[in-house]
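Enquirer: Supplied in structure tokens, the structure appears directly below.
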Amino acid sequence: HFGPQSCARLVGETSILEVLLSRSVGVAVMFGLTRRVAGRALQAVRRPEQMRQALPAVAPCQLEARRGYRHWWRVLPEDFELNTESMPKDVKTLMASNPDSLGFIDSYWYWRIRAESTIMDPENLPKKSYKQLCRDMGLTIVNEAAEHILGVIELYEYLKSSPFIGPFGTIENPVLIPAIHTERVVGCSGGTGDSEHVPLWFRCREGFLYRCGECDQIFMLVRVMYELPENEEINPIDPDVKDVYDFSLLEKGNEVWNTGGMVNWPLAYDALHGTVYGGMARDELNEQRAIGE
């Protein structure tokens, strides 16, 4: 049996117990909330590491070189042209010169003016022969010497990057190794089937026969020569071809194409008037240069 004092004490202890329980629950709730917040923060910190592990292992320069688009613009003829500022002052003297004795810039402007004058003359263009048209355009005439040189170059360009496929090399019929120098590195892989072996590399020099140490195949180096015989030109001028430029073609073409306030042939206008880009005046810092400068 409990008395009044014991009941009061029990009630008081019960209320204190409830307060302690409520405080412990509040602390637990706060602790759980703090743990959730801290857990999310830790997950956010760990995510970059996981993402870094998921990315492929590549060099930093390759990651910087990546882009999300592809864009290639069309190559235009003016991408390979010289600026009009480099045109010489005395064009008439330039066109009367020998193109073989001119420098790079003067030769460029000589052939460009001569070629465009030929194209911009529709009256006489159909009347020109093949050789005359090639000479006026600065192109090589197809002849035996040019075909031979071009064929040798194409053959060497093919053979220097392609594996040799042919009969097994013997002393009577060795494998010919083309080269433009006195030696070349050769790799022999034997024949086909059971005769094939691991590539064996050696230096093949001019003037000797070389035997492979694995399959006894014979190799011999052959020099590929690019030069022409003496006193022979790759682009000879035909006697029937007129190789003197008529300056009146430039003046006539300028009158035809650049009249009525329209400049349809800017090169002719700039060559005759000393301007740039089809009629723009030169400034003090952009003076015309002389031939040979």
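A note on labels: chains of the structure tokens are A, B, ... as shown, every chain counts residues from 1, and ligands are counted from 1 in their shown order.
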Using DSSP on the backbone, list every residue of stretch 93-161 of chain A that comes out as helix (DSSP H, G or I), and give them as JSON, numbers by chain.
Expert: {"A": [93, 94, 95, 99, 100, 101, 104, 105, 106, 107, 108, 109, 110, 111, 112, 113, 114, 115, 116, 117, 118, 119, 125, 126, 127, 130, 131, 132, 133, 134, 135, 136, 137, 144, 145, 146, 147, 148, 149, 150, 151, 152, 153, 154, 155, 156, 157, 158, 159]}
Enquirer: So how many Å separate atom CA of A:Pro239 and atom CA of A:Ser97, to one decimal?
Expert: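 Between atom CA of A:Pro239 and atom CA of A:Ser97 the gap is 18.9 Å.
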Enquirer: Counting only C-alpha atoms, which residue out of A:Ala268, A:Ile171, A:Val241, A:Ile291 sits closest to A:Ser129?
Expert: A:Val241
Enquirer: Using only C-alpha atoms, pick whichever of A:Leu250, A:Val256, A:Leu139, A:Val75 has the shortest atom-to-atom distance to A:Asn235.
Expert: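 The answer is A:Leu139, which sits nearest to A:Asn235.
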Enquirer: Based on the backbone DSSP call, show me all residues of stretch 51-255 of chain A assigned strand (DSSP E), as a VMD selection string.
Expert: chain A and resid 175 to 179 183 to 190 196 to 205 209 to 211 218 to 223
Enquirer: Neighbours of A:Gln132 within 9 Å (only C-alpha atoms; same-chain residues fewer than 3 positions away dropped), as a list of chain:residue names?
Expert: A:Lys128, A:Ser129, A:Arg135, A:Asp136, A:Met137, A:Asp238, A:Asp240, A:Val241, A:Lys242, A:Asp243
Enquirer: I'd like the neighbourhood of A:Ala179 as a PyMOL selection string, where a residue qualifies if any of its atoms comes within 10 Å (using only C-alpha atoms), though same-chain residues fewer than 4 positions away should be ignored.
Expert: chain A and resi 156+159-160+183-185+204-206+221-225
Enquirer: Quick one: distance from atom CA of A:Met87 to atom CA of A:Thr140 in Å, one decimal?
Expert: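 Atom-to-atom, atom CA of A:Met87 to atom CA of A:Thr140, that is 24.5 Å.
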Enquirer: Just want the 12 Å neighbourhood of A:Arg114, counted on only C-alpha atoms, with same-chain residues fewer than 2 positions away dropped. Output as a VMD selection string.
Expert: chain A and resid 91 to 92 94 to 96 99 107 to 112 116 to 121 133 to 139 243 to 250 253 267 to 268 271
Enquirer: Within 9 Å of stretch 207-211 of chain A, which residues of stretch 93-200 of chain A come that close, and what is the closest atom pair and distance in Å for each? Count only C-alpha atoms and give it as a Markdown table.
Expert:
```
| residue | atom | partner | partner_atom | distance |
| --- | --- | --- | --- | --- |
| A:Thr170 | CA | A:Arg211 | CA | 9.0 |
| A:Ile171 | CA | A:Leu209 | CA | 7.9 |
| A:Pro174 | CA | A:Leu209 | CA | 8.0 |
| A:Thr182 | CA | A:Gly207 | CA | 8.8 |
```
Enquirer: As an exercise, work out the distance from atom CA of A:Val186 to atom CA of A:Leu200 in Å and give it to one decimal place.
Expert: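 These two atoms are separated by 8.1 Å.
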